[in-house]
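Shown next: query08.txt, containing compact mmCIF, C-alpha atoms.
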# COMPACT_ATOMS: atom_id res chain seq x y z
CA MET R 251 87.87 159.33 101.72
CA ASN R 252 91.62 159.22 101.59
CA LYS R 253 92.96 155.65 101.54
CA VAL R 254 96.54 156.61 100.83
CA VAL R 255 99.02 156.28 103.67
CA ASN R 256 102.67 157.29 103.51
CA ASN R 257 104.35 154.01 104.26
CA ALA R 258 104.06 150.57 105.85
CA GLU R 259 104.46 151.94 109.38
CA GLU R 260 101.32 154.02 108.90
CA ALA R 261 99.55 151.22 107.09
CA ILE R 262 99.85 148.74 109.96
CA GLN R 263 98.42 151.14 112.58
CA GLY R 264 95.86 149.24 114.61
CA ILE R 265 97.46 145.83 114.26
CA SER R 266 97.88 144.64 117.82
CA ASP R 267 98.90 141.55 119.79
CA GLY R 268 96.73 138.50 119.28
CA MET R 269 95.16 139.54 115.99
CA THR R 270 94.64 137.36 112.92
CA LEU R 271 96.34 138.52 109.72
CA MET R 272 96.13 137.30 106.14
CA LEU R 273 99.33 137.76 104.15
CA GLY R 274 99.37 137.35 100.37
CA GLY R 275 102.00 135.54 98.35
CA PHE R 276 103.05 132.11 97.18
CA GLY R 277 106.49 131.23 98.46
CA LEU R 278 108.31 134.55 98.28
CA CYS R 279 106.45 135.56 95.12
CA GLY R 280 104.08 138.47 95.62
CA ILE R 281 104.61 138.87 99.36
CA PRO R 282 103.99 142.27 101.02
CA GLU R 283 107.66 142.94 101.79
CA ASN R 284 107.20 146.45 103.16
CA ASN R 285 104.42 145.52 105.53
CA ILE R 286 106.27 142.43 106.79
CA ARG R 287 109.29 144.61 107.53
CA ALA R 288 107.10 147.06 109.44
CA LEU R 289 105.44 144.24 111.40
CA VAL R 290 108.86 142.89 112.37
CA ASN R 291 109.97 146.34 113.54
CA SER R 292 106.72 146.93 115.42
CA GLY R 293 107.32 143.91 117.65
CA VAL R 294 103.63 142.98 117.58
CA LYS R 295 103.23 139.40 118.75
CA ASN R 296 100.95 136.47 119.43
CA LEU R 297 99.68 136.72 115.87
CA THR R 298 97.73 134.16 113.88
CA CYS R 299 98.95 134.34 110.30
CA ILE R 300 97.06 132.94 107.34
CA SER R 301 99.45 132.58 104.42
CA ASN R 302 100.11 129.79 101.94
CA ASN R 303 103.74 129.50 103.07
CA ALA R 304 105.82 130.75 105.97
CA GLY R 305 108.65 132.38 104.06
CA VAL R 306 112.24 131.20 104.36
CA ASP R 307 114.46 131.51 107.42
CA ASP R 308 115.66 135.03 106.69
CA PHE R 309 112.95 136.51 104.48
CA GLY R 310 109.20 136.95 104.34
CA ILE R 311 107.16 135.59 107.24
CA GLY R 312 110.32 133.76 108.30
CA LEU R 313 111.47 137.09 109.76
CA MET R 314 108.36 137.20 111.97
CA LEU R 315 109.01 133.62 113.07
CA GLN R 316 112.57 134.52 114.02
CA GLY R 317 111.14 137.23 116.27
CA LYS R 318 108.66 134.74 117.78
CA GLN R 319 105.82 137.04 116.75
CA VAL R 320 103.62 134.26 115.43
CA ARG R 321 101.54 132.06 117.73
CA LYS R 322 99.78 130.16 114.96
CA MET R 323 100.31 129.66 111.22
CA ILE R 324 97.56 128.55 108.87
CA SER R 325 99.27 127.41 105.65
CA SER R 326 99.35 124.69 103.03
CA TYR R 327 103.09 124.18 102.58
CA VAL R 328 105.93 125.13 104.89
CA GLY R 329 108.78 123.03 103.58
CA GLU R 330 111.30 125.81 102.96
CA ASN R 331 111.76 127.01 106.48
CA ALA R 332 114.01 125.28 109.03
CA GLU R 333 113.14 127.66 111.89
CA PHE R 334 109.47 127.00 111.23
CA GLU R 335 109.98 123.24 111.40
CA ARG R 336 112.00 123.61 114.60
CA GLN R 337 109.32 125.73 116.33
CA LEU R 338 106.62 123.36 115.13
CA LEU R 339 108.29 120.14 116.28
CA SER R 340 109.18 121.75 119.64
CA GLY R 341 105.59 122.86 120.15
CA GLU R 342 106.35 126.61 120.31
CA LEU R 343 104.30 127.25 117.21
CA GLU R 344 100.80 126.04 116.49
CA VAL R 345 100.18 125.09 112.87
CA GLU R 346 97.07 124.28 110.92
CA LEU R 347 97.87 122.80 107.52
CA LEU R 348 95.16 122.94 104.88
CA PRO R 349 94.92 121.92 101.23
CA GLN R 350 95.97 124.85 99.06
CA GLY R 351 92.64 125.05 97.27
CA THR R 352 90.81 124.99 100.59
CA LEU R 353 93.01 127.80 101.91
CA ALA R 354 92.22 129.85 98.79
CA GLU R 355 88.50 129.14 98.92
CA ARG R 356 88.26 129.97 102.63
CA CYS R 357 89.71 133.38 101.75
CA ARG R 358 87.39 133.77 98.79
CA ALA R 359 84.34 132.75 100.83
CA ALA R 360 85.22 135.29 103.52
CA GLY R 361 85.35 138.00 100.88
CA ALA R 362 82.17 136.81 99.20
CA GLY R 363 79.88 136.73 102.23
CA ILE R 364 79.67 132.93 102.18
CA PRO R 365 80.13 131.41 105.67
CA ALA R 366 81.06 127.88 104.60
CA PHE R 367 81.29 125.47 101.68
CA TYR R 368 81.88 121.80 100.93
CA THR R 369 85.03 120.51 99.27
CA PRO R 370 86.27 117.00 98.49
CA ALA R 371 89.85 117.96 99.37
CA GLY R 372 90.98 116.31 102.59
CA TYR R 373 88.08 113.88 102.97
CA GLY R 374 89.30 110.80 104.83
CA THR R 375 92.46 112.57 106.03
CA GLU R 376 93.59 114.38 109.20
CA VAL R 377 92.30 117.59 107.63
CA ALA R 378 88.73 116.31 107.95
CA GLU R 379 88.94 115.66 111.69
CA GLY R 380 86.15 117.47 113.54
CA LYS R 381 84.58 118.73 110.32
CA GLU R 382 81.11 117.93 109.04
CA VAL R 383 81.01 115.38 106.20
CA ARG R 384 78.20 115.34 103.65
CA GLU R 385 77.55 113.28 100.57
CA PHE R 386 76.52 114.89 97.29
CA GLY R 387 75.96 112.75 94.19
CA GLY R 388 77.58 109.74 95.84
CA LYS R 389 80.81 111.54 96.76
CA LYS R 390 81.93 112.67 100.21
CA TYR R 391 82.78 116.28 100.99
CA ILE R 392 83.89 118.13 104.10
CA MET R 393 82.59 121.46 105.28
CA GLU R 394 85.10 124.27 105.48
CA GLU R 395 84.34 127.67 106.97
CA ALA R 396 85.28 131.12 105.70
CA PHE R 397 88.27 132.63 107.50
CA GLN R 398 87.86 135.43 109.99
CA SER R 399 90.71 137.90 109.89
CA ASP R 400 91.33 141.33 111.35
CA PHE R 401 93.67 142.57 108.64
CA ALA R 402 94.46 141.36 105.14
CA ILE R 403 97.82 142.49 103.81
CA VAL R 404 98.46 142.18 100.10
CA LYS R 405 100.98 143.21 97.48
CA ALA R 406 100.00 144.39 94.01
CA TRP R 407 101.91 145.55 90.96
CA LYS R 408 99.93 148.70 90.27
CA GLY R 409 97.25 150.45 92.20
CA ASP R 410 95.44 153.77 92.14
CA THR R 411 94.73 156.07 95.03
CA ASP R 412 91.12 154.82 95.16
CA GLY R 413 92.44 151.31 95.89
CA ASN R 414 91.97 149.54 92.56
CA LEU R 415 94.64 146.87 92.11
CA ILE R 416 96.40 145.03 89.29
CA PHE R 417 98.68 142.09 90.00
CA LYS R 418 101.56 140.85 87.89
CA ALA R 419 102.06 137.30 86.58
CA THR R 420 102.06 134.59 89.27
CA ALA R 421 102.54 137.21 91.99
CA ARG R 422 98.73 137.35 91.88
CA ASN R 423 98.20 134.01 93.68
CA PHE R 424 96.37 134.58 96.99
CA ASN R 425 96.56 138.38 96.91
CA PRO R 426 93.21 139.25 95.28
CA LEU R 427 91.39 136.66 97.42
CA MET R 428 92.83 137.98 100.64
CA ALA R 429 92.25 141.56 99.54
CA MET R 430 88.52 140.78 99.65
CA ALA R 431 88.65 139.01 102.99
CA GLY R 432 90.06 141.31 105.66
CA LYS R 433 88.02 143.45 108.02
CA VAL R 434 90.68 145.98 107.02
CA THR R 435 92.67 145.46 103.83
CA ILE R 436 96.09 147.00 103.35
CA ALA R 437 97.61 147.03 99.87
CA GLU R 438 101.21 147.88 99.07
CA VAL R 439 101.94 148.46 95.40
CA GLU R 440 105.03 148.90 93.27
CA GLU R 441 103.47 151.80 91.43
CA LEU R 442 100.74 154.07 92.79
CA VAL R 443 98.87 156.11 90.18
CA GLN R 444 95.92 158.50 90.02
CA PRO R 445 92.35 157.26 89.39
CA GLY R 446 91.75 156.94 85.66
CA GLU R 447 95.25 155.83 84.85
CA LEU R 448 94.43 152.13 85.16
CA ASP R 449 92.25 150.64 82.41
CA PRO R 450 89.00 149.53 84.12
CA ASN R 451 88.98 146.46 81.86
CA PHE R 452 92.11 145.13 83.47
CA ILE R 453 91.64 145.78 87.17
CA HIS R 454 91.76 142.60 89.27
CA THR R 455 90.67 143.93 92.67
CA PRO R 456 88.00 146.64 92.74
CA SER R 457 88.71 149.56 95.08
CA ILE R 458 85.76 148.78 97.36
CA PHE R 459 87.75 145.97 98.99
CA VAL R 460 90.81 148.07 99.83
CA ASN R 461 91.05 150.37 102.88
CA ARG R 462 94.68 151.53 102.91
CA ILE R 463 97.19 151.78 100.08
CA PHE R 464 100.75 152.98 99.62
CA GLN R 465 103.65 152.70 97.24
CA GLY R 466 106.26 150.33 98.63
CA VAL R 467 110.00 150.84 98.47
CA ASP R 468 113.14 148.74 98.08
CA TYR R 469 111.57 145.56 96.73
CA GLU R 470 114.03 142.70 96.93
CA LYS R 471 111.78 140.11 95.21
CA ARG R 472 113.97 137.24 96.29
CA ILE R 473 113.86 134.13 94.09
CA GLU R 474 113.71 130.76 95.86
CA GLN R 475 114.60 128.48 92.95
CA ARG R 476 116.55 130.33 90.32
CA THR R 477 116.29 127.97 87.35
CA VAL R 478 117.50 128.74 83.86
CA LYS R 479 117.63 126.89 80.55
CA MET G 147 115.86 99.59 86.23
CA LEU G 148 114.65 102.95 85.05
CA THR G 149 116.35 106.22 85.80
CA LYS G 150 114.23 109.16 86.95
CA GLN G 151 114.36 110.51 83.42
CA GLN G 152 113.13 107.19 82.04
CA ILE G 153 110.26 107.08 84.53
CA ALA G 154 109.25 110.51 83.26
CA GLN G 155 109.72 109.39 79.65
CA ARG G 156 107.42 106.39 80.19
CA ILE G 157 104.74 108.56 81.81
CA ALA G 158 104.91 110.92 78.83
CA LYS G 159 103.48 108.06 76.75
CA GLU G 160 100.21 108.58 78.64
CA LEU G 161 99.86 112.12 77.27
CA LYS G 162 97.25 112.80 74.63
CA ASP G 163 96.78 115.71 72.27
CA GLY G 164 94.79 118.50 73.90
CA TYR G 165 95.48 117.41 77.47
CA TYR G 166 95.69 119.86 80.34
CA VAL G 167 98.28 118.41 82.72
CA ASN G 168 99.43 119.19 86.26
CA LEU G 169 102.90 117.96 87.14
CA GLY G 170 104.03 117.70 90.77
CA ILE G 171 107.47 118.43 92.14
CA GLY G 172 110.37 116.01 91.53
CA ILE G 173 110.23 113.27 88.88
CA PRO G 174 106.80 114.48 87.62
CA THR G 175 108.33 117.82 86.57
CA LEU G 176 110.63 115.92 84.19
CA VAL G 177 107.63 114.65 82.17
CA ALA G 178 107.51 118.06 80.50
CA ASN G 179 110.81 117.22 78.77
CA TYR G 180 109.25 114.28 76.92
CA VAL G 181 106.08 115.72 75.41
CA PRO G 182 106.04 114.25 71.89
CA ALA G 183 106.80 116.72 69.11
CA GLY G 184 103.66 118.15 67.57
CA MET G 185 101.46 117.17 70.52
CA ASP G 186 99.47 119.99 72.10
CA VAL G 187 99.79 119.61 75.88
CA THR G 188 99.09 122.53 78.24
CA LEU G 189 100.74 122.53 81.65
CA GLN G 190 98.82 123.89 84.63
CA SER G 191 100.81 125.20 87.58
CA GLU G 192 98.54 125.53 90.59
CA ASN G 193 100.07 128.77 91.84
CA GLY G 194 98.25 130.44 88.96
CA LEU G 195 99.55 129.70 85.47
CA LEU G 196 98.04 127.78 82.57
CA GLY G 197 100.42 127.29 79.67
CA MET G 198 103.68 127.02 81.53
CA GLY G 199 106.74 127.48 79.34
CA PRO G 200 110.34 126.29 79.79
CA PHE G 201 112.88 127.73 82.21
CA PRO G 202 114.00 131.25 81.29
CA THR G 203 117.35 132.47 80.05
CA GLU G 204 119.30 134.66 82.50
CA GLU G 205 117.89 137.73 80.73
CA GLU G 206 114.31 136.47 80.90
CA ILE G 207 114.25 135.70 84.64
CA ASP G 208 111.28 137.34 86.36
CA ALA G 209 110.83 136.96 90.13
CA ASP G 210 107.08 137.41 89.64
CA LEU G 211 106.85 134.42 87.29
CA ILE G 212 107.36 131.07 89.00
CA ASN G 213 105.81 127.59 89.03
CA ALA G 214 104.38 125.65 91.96
CA GLY G 215 107.87 124.39 92.77
CA LYS G 216 108.95 128.04 93.15
CA GLN G 217 111.18 127.72 90.08
CA THR G 218 111.46 130.59 87.63
CA VAL G 219 109.60 129.76 84.40
CA THR G 220 108.31 131.49 81.27
CA THR G 221 104.99 131.87 79.48
CA LEU G 222 104.00 130.68 76.01
CA PRO G 223 101.64 132.21 73.45
CA GLY G 224 98.17 131.64 74.94
CA SER G 225 99.36 131.47 78.55
CA VAL G 226 97.11 132.89 81.25
CA PHE G 227 97.54 133.93 84.90
CA PHE G 228 94.84 133.63 87.56
CA ASP G 229 94.37 133.65 91.31
CA SER G 230 94.56 130.59 93.55
CA ALA G 231 90.78 130.16 93.84
CA ILE G 232 90.39 130.00 90.05
CA SER G 233 93.34 127.63 89.89
CA PHE G 234 91.73 125.13 92.23
CA ALA G 235 88.36 125.63 90.57
CA MET G 236 90.01 124.14 87.47
CA ILE G 237 91.36 121.27 89.52
CA ARG G 238 88.32 120.42 91.66
CA SER G 239 85.91 120.67 88.73
CA GLY G 240 87.87 117.96 86.93
CA ARG G 241 89.16 119.99 84.01
CA VAL G 242 92.75 118.86 84.43
CA ASP G 243 93.07 115.70 82.31
CA LEU G 244 96.16 114.20 83.88
CA THR G 245 97.89 114.69 87.22
CA VAL G 246 101.35 113.27 87.91
CA LEU G 247 102.50 113.21 91.54
CA GLY G 248 105.31 111.87 93.65
CA ALA G 249 104.47 109.76 96.70
CA MET G 250 105.97 108.38 99.90
CA GLU G 251 103.53 105.46 99.94
CA VAL G 252 100.73 104.05 97.78
CA ASN G 253 98.50 101.15 98.77
CA ASP G 254 96.78 98.54 96.62
CA LYS G 255 93.46 100.43 96.81
CA GLY G 256 95.01 103.54 95.31
CA ASP G 257 95.31 105.55 98.54
CA ILE G 258 98.32 107.86 98.58
CA ALA G 259 100.49 109.39 101.32
CA ASN G 260 102.88 112.20 100.45
CA TRP G 261 102.63 115.11 102.88
CA LYS G 262 103.85 114.29 106.36
CA ILE G 263 106.03 111.98 108.47
CA PRO G 264 104.71 112.38 112.02
CA GLY G 265 107.33 113.70 114.45
CA LYS G 266 109.97 113.96 111.74
CA MET G 267 108.97 115.98 108.74
CA VAL G 268 106.11 118.39 108.23
CA LYS G 269 106.10 120.11 104.90
CA GLY G 270 102.40 120.25 104.19
CA MET G 271 100.17 119.04 101.41
CA GLY G 272 100.23 122.14 99.22
CA GLY G 273 97.87 121.44 96.33
CA ALA G 274 98.22 117.66 96.44
CA MET G 275 95.12 117.02 98.56
CA ASP G 276 92.91 119.05 96.22
CA LEU G 277 94.40 117.29 93.21
CA VAL G 278 93.95 113.75 94.51
CA ALA G 279 90.42 114.48 95.76
CA SER G 280 89.20 115.50 92.33
CA ALA G 281 91.38 114.33 89.46
CA GLN G 282 90.11 111.39 87.45
CA ASN G 283 93.47 110.40 86.10
CA ILE G 284 96.32 110.29 88.59
CA ILE G 285 99.68 108.69 87.90
CA VAL G 286 102.27 108.34 90.63
CA ALA G 287 105.94 108.58 89.68
CA MET G 288 108.34 107.31 92.34
CA GLN G 289 111.04 104.88 93.35
CA HIS G 290 109.67 101.42 94.17
CA THR G 291 111.39 101.37 97.58
CA ASN G 292 112.48 104.06 100.02
CA ARG G 293 116.06 104.89 101.00
CA ALA G 294 115.99 102.16 103.64
CA GLY G 295 115.04 99.64 100.94
CA GLN G 296 111.47 99.24 102.19
CA SER G 297 108.56 98.88 99.79
CA LYS G 298 106.51 102.00 99.08
CA LEU G 299 103.74 99.86 97.51
CA LEU G 300 101.80 98.61 100.48
CA LYS G 301 98.70 96.83 101.65
CA GLU G 302 98.00 99.53 104.24
CA LEU G 303 99.53 103.01 104.44
CA GLY G 304 101.81 103.67 107.39
CA LEU G 305 101.88 107.45 106.89
CA PRO G 306 99.01 109.97 107.07
CA VAL G 307 96.86 109.69 103.97
CA THR G 308 96.64 112.46 101.36
CA GLY G 309 93.69 111.00 99.42
CA LEU G 310 91.65 107.81 99.17
CA GLU G 311 91.29 105.44 96.18
CA CYS G 312 92.58 107.94 93.69
CA VAL G 313 95.80 106.63 92.11
CA LYS G 314 95.18 104.83 88.81
CA LYS G 315 98.70 104.00 87.70
CA VAL G 316 102.15 103.82 89.25
CA VAL G 317 105.42 104.06 87.33
CA THR G 318 108.51 103.17 89.36
CA ASN G 319 112.12 102.37 88.62
CA LEU G 320 111.07 98.69 88.42
CA CYS G 321 107.76 98.58 86.58
CA VAL G 322 104.43 100.01 85.46
CA MET G 323 101.38 98.96 87.46
CA ASP G 324 97.69 99.76 87.16
CA ILE G 325 95.62 99.92 90.32
CA THR G 326 92.36 98.02 89.95
CA ASP G 327 89.81 96.42 92.27
CA ARG G 328 92.17 93.46 92.57
CA GLY G 329 95.22 95.49 93.62
CA PHE G 330 98.45 96.35 91.80
CA GLU G 331 98.31 94.82 88.29
CA LEU G 332 101.77 94.44 86.82
CA LYS G 333 101.64 95.72 83.24
CA GLU G 334 105.23 96.32 82.15
CA LEU G 335 108.69 95.58 83.52
CA ALA G 336 111.75 97.80 83.36
CA PRO G 337 114.43 96.24 81.14
CA GLY G 338 116.46 93.74 83.16
CA VAL G 339 113.97 93.53 86.03
CA SER G 340 112.27 90.20 86.81
CA VAL G 341 108.75 89.56 88.07
CA LYS G 342 110.30 88.15 91.24
CA GLU G 343 112.16 91.41 91.91
CA VAL G 344 108.87 93.29 91.66
CA GLN G 345 107.16 90.73 93.90
CA ASP G 346 109.93 91.05 96.50
CA ALA G 347 109.70 94.83 96.49
CA THR G 348 105.88 95.02 96.65
CA LEU G 349 103.98 94.47 99.91
CA GLY G 350 100.47 95.14 98.58
CA ARG G 351 98.38 92.65 96.56
CA LEU G 352 100.19 92.13 93.27
CA ILE G 353 98.50 90.58 90.23
CA VAL G 354 100.76 89.07 87.59
CA GLN G 355 98.88 87.68 84.60
CA GLY G 356 100.44 86.24 81.46
CA ASP G 357 103.67 87.45 79.96
CA ILE G 358 104.68 90.90 81.13
CA PRO G 359 106.30 92.96 78.35
CA ASP G 360 109.29 95.22 78.87
CA ILE G 361 108.69 98.95 79.09
CA SER G 362 109.24 100.58 75.74
CA PHE G 363 109.64 104.29 75.11
For this file, produce the structure as structure tokens.
Amino acid sequence: MNKVVNNAEEAIQGISDGMTLMLGGFGLCGIPENNIRALVNSGVKNLTCISNNAGVDDFGIGLMLQGKQVRKMISSYVGENAEFERQLLSGELEVELLPQGTLAERCRAAGAGIPAFYTPAGYGTEVAEGKEVREFGGKKYIMEEAFQSDFAIVKAWKGDTDGNLIFKATARNFNPLMAMAGKVTIAEVEELVQPGELDPNFIHTPSIFVNRIFQGVDYEKRIEQRTVK
Amino acid sequence: MLTKQQIAQRIAKELKDGYYVNLGIGIPTLVANYVPAGMDVTLQSENGLLGMGPFPTEEEIDADLINAGKQTVTTLPGSVFFDSAISFAMIRSGRVDLTVLGAMEVNDKGDIANWKIPGKMVKGMGGAMDLVASAQNIIVAMQHTNRAGQSKLLKELGLPVTGLECVKKVVTNLCVMDITDRGFELKELAPGVSVKEVQDATLGRLIVQGDIPDISF
């Protein structure tokens, strides 16, 4: 089976209005730049996006917000994006904020065949509203369900044509979790190699989770907080 | 009164050799500057790095290597990267020895609010809700009052809660307080600050017992 597609435009075939997408990255670190660009150009709309952050005004998922392509964001932190805050406070955009660890585990659970789990994070807060509470060992936990998503879109450092992936540094973040969790998983990589070229000892995401893969181009890798000694 | 740097410096006295520590954004980040020489403290950054090093030089900058505040950082010998699920496994399972967070409000039961001002500001909780739900040792670093001069140390929270009964110690520009069953227990005063000033700036139950020493560094 050939998983390799030529570019992001081919990779996002089948993504249509109203779907739920997972997008990897933390801040602007490790985001699938090529796929986001293709989604913006495609004009697909009414999307639900699961991503830790919502980009900044003019980069990352922020570009999709500018185009009013997103109906709902599911994130943990959205503080870097003025357009996001404007759409949220005006009611144009629906937002579900979740603890970061809960967001990660709901991705992981989806990829692990586990429908739900209990976590202490958010007990007693707005996050717990409408969720089942159970006590284990004298402590209260809330039930969180695995995410359902149509497509998971991730960015890796290296990948092979079978779909095995290796991530770099903190650009790993949510990417391997989301890679496991999509009905269809799209991976864009900086370097696409032949099977056998990646050391099996150091592969983060096994190929079985990945459906489409391509080598991305023109990575900007924008830095949000450039801090030096 | 303490400067932000001095608040961080005082909190650094709570560090112990071998500690794994998570530092939040703002004043907490500064604690890293005051780790005593020779002490082995490992910083956990919840975006996926254990063993966070200092900021890079211009030549070392790597867009793929940032901390939870989205700042460029470096690694150290022994550093390790991991995904976000593993990161919060460390946090929820209680393996992080000390967590230092900023806050908008803390009450005298140790509840904390730091993620939302309804109708005004929505930034999100990030990893804070996971941290406060699980960490055994949480210190809050903040100013004693907000920009309008109102107390941030309350009897009841006015803002949406981040976590319940979790804060153990608060270090502000005015003082150090422990949070116990009886409320805020004044432990140390910033140089030049009186007990009355702390009382005036604290709305929650405040316990003052015996002579309160000055903060030393």
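Each of G:Gly356, G:Pro174, G:Gly329, G:Gly256 was checked against Lys314 in chain G using all atoms listed in the file; the smallest atom-to-atom distance is that of G:Gly256.
Counting all atoms listed in the file, the residue from G:Asn260, G:Asn213, G:Gln289, G:Ser362 that sits nearest to chain R is G:Asn213.
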Go through chain R residue by residue and, counting all atoms listed in the file, keep those with an atom at most 8 Å from chain G; for each kept residue give the shortest atom pair and its distance in Å to one decimal, ordered by chain and increasing number, as JSON lines.
{"residue": "R:Phe276", "atom": "CA", "partner": "G:Asn193", "partner_atom": "CA", "distance": 7.0}
{"residue": "R:Gly277", "atom": "CA", "partner": "G:Lys216", "partner_atom": "CA", "distance": 6.7}
{"residue": "R:Cys279", "atom": "CA", "partner": "G:Asp210", "partner_atom": "CA", "distance": 5.8}
{"residue": "R:Gly280", "atom": "CA", "partner": "G:Asp210", "partner_atom": "CA", "distance": 6.8}
{"residue": "R:Ser325", "atom": "CA", "partner": "G:Gly270", "partner_atom": "CA", "distance": 7.9}
{"residue": "R:Ser326", "atom": "CA", "partner": "G:Gly272", "partner_atom": "CA", "distance": 4.7}
{"residue": "R:Tyr327", "atom": "CA", "partner": "G:Gly270", "partner_atom": "CA", "distance": 4.3}
{"residue": "R:Val328", "atom": "CA", "partner": "G:Lys269", "partner_atom": "CA", "distance": 5.0}
{"residue": "R:Gly329", "atom": "CA", "partner": "G:Lys269", "partner_atom": "CA", "distance": 4.2}
{"residue": "R:Glu330", "atom": "CA", "partner": "G:Lys269", "partner_atom": "CA", "distance": 8.0}
{"residue": "R:Glu335", "atom": "CA", "partner": "G:Val268", "partner_atom": "CA", "distance": 7.0}
{"residue": "R:Leu339", "atom": "CA", "partner": "G:Gly265", "partner_atom": "CA", "distance": 6.8}
{"residue": "R:Leu347", "atom": "CA", "partner": "G:Gly270", "partner_atom": "CA", "distance": 6.2}
{"residue": "R:Leu348", "atom": "CA", "partner": "G:Met271", "partner_atom": "CA", "distance": 7.2}
{"residue": "R:Pro349", "atom": "CA", "partner": "G:Met275", "partner_atom": "CA", "distance": 5.6}
{"residue": "R:Gln350", "atom": "CA", "partner": "G:Gly273", "partner_atom": "CA", "distance": 4.8}
{"residue": "R:Gly351", "atom": "CA", "partner": "G:Phe234", "partner_atom": "CA", "distance": 5.1}
{"residue": "R:Thr352", "atom": "CA", "partner": "G:Asp276", "partner_atom": "CA", "distance": 7.7}
{"residue": "R:Ala354", "atom": "CA", "partner": "G:Ala231", "partner_atom": "CA", "distance": 5.2}
{"residue": "R:Glu355", "atom": "CA", "partner": "G:Ala231", "partner_atom": "CA", "distance": 5.7}
{"residue": "R:Arg358", "atom": "CA", "partner": "G:Ala231", "partner_atom": "CA", "distance": 7.0}
{"residue": "R:Pro370", "atom": "CA", "partner": "G:Ala279", "partner_atom": "CA", "distance": 5.6}
{"residue": "R:Ala371", "atom": "CA", "partner": "G:Asp276", "partner_atom": "CA", "distance": 4.5}
{"residue": "R:Gly372", "atom": "CA", "partner": "G:Met275", "partner_atom": "CA", "distance": 5.8}
{"residue": "R:Tyr373", "atom": "CA", "partner": "G:Gly309", "partner_atom": "CA", "distance": 7.2}
{"residue": "R:Gly374", "atom": "CA", "partner": "G:Leu310", "partner_atom": "CA", "distance": 6.8}
{"residue": "R:Thr375", "atom": "CA", "partner": "G:Val307", "partner_atom": "CA", "distance": 5.6}
{"residue": "R:Glu376", "atom": "CA", "partner": "G:Pro306", "partner_atom": "CA", "distance": 7.3}
{"residue": "R:Lys418", "atom": "CA", "partner": "G:Asp210", "partner_atom": "CA", "distance": 6.7}
{"residue": "R:Ala419", "atom": "CA", "partner": "G:Leu211", "partner_atom": "CA", "distance": 5.6}
{"residue": "R:Thr420", "atom": "CA", "partner": "G:Leu211", "partner_atom": "CA", "distance": 5.2}
{"residue": "R:Ala421", "atom": "CA", "partner": "G:Asp210", "partner_atom": "CA", "distance": 5.1}
{"residue": "R:Arg422", "atom": "CA", "partner": "G:Asp229", "partner_atom": "CA", "distance": 5.7}
{"residue": "R:Asn423", "atom": "CA", "partner": "G:Asp229", "partner_atom": "CA", "distance": 4.5}
{"residue": "R:Phe424", "atom": "CA", "partner": "G:Ser230", "partner_atom": "CA", "distance": 5.6}
{"residue": "R:Asn425", "atom": "CA", "partner": "G:Asp229", "partner_atom": "CA", "distance": 7.7}
{"residue": "R:Pro426", "atom": "CA", "partner": "G:Asp229", "partner_atom": "CA", "distance": 7.0}
{"residue": "R:Leu427", "atom": "CA", "partner": "G:Asp229", "partner_atom": "CA", "distance": 7.4}
{"residue": "R:Lys471", "atom": "CA", "partner": "G:Ala209", "partner_atom": "CA", "distance": 6.1}
{"residue": "R:Arg472", "atom": "CA", "partner": "G:Ala209", "partner_atom": "CA", "distance": 6.9}
{"residue": "R:Ile473", "atom": "CA", "partner": "G:Ala209", "partner_atom": "CA", "distance": 5.7}
{"residue": "R:Glu474", "atom": "CA", "partner": "G:Lys216", "partner_atom": "CA", "distance": 6.1}
{"residue": "R:Gln475", "atom": "CA", "partner": "G:Gln217", "partner_atom": "CA", "distance": 4.5}
{"residue": "R:Arg476", "atom": "CA", "partner": "G:Thr218", "partner_atom": "CA", "distance": 5.8}
{"residue": "R:Thr477", "atom": "CA", "partner": "G:Thr218", "partner_atom": "CA", "distance": 5.5}
{"residue": "R:Val478", "atom": "CA", "partner": "G:Phe201", "partner_atom": "CA", "distance": 5.0}
{"residue": "R:Lys479", "atom": "CA", "partner": "G:Phe201", "partner_atom": "CA", "distance": 5.1}
Legend entry - Contact residues around Lys318 in chain R with all atoms listed in the file at 9 Å, ignoring same-chain residues under 6 positions, as a list in words: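 Result of the neighbour search: Lys295, Asn296, Glu342 and Leu343 of chain R.
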Inset, instruction - Enter the distance from CA of Ala304 in chain R to CA of Ile364 in chain R, in Å, rounded to one decimal. - result: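 One can read the CA of Ala304 in chain R to CA of Ile364 in chain R distance as 26.5 Å.
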Inset, instruction - Rounded to one decimal place, report the CA of Glu394 in chain R-CA of Pro456 in chain R distance in Å. - result: 25.9 Å
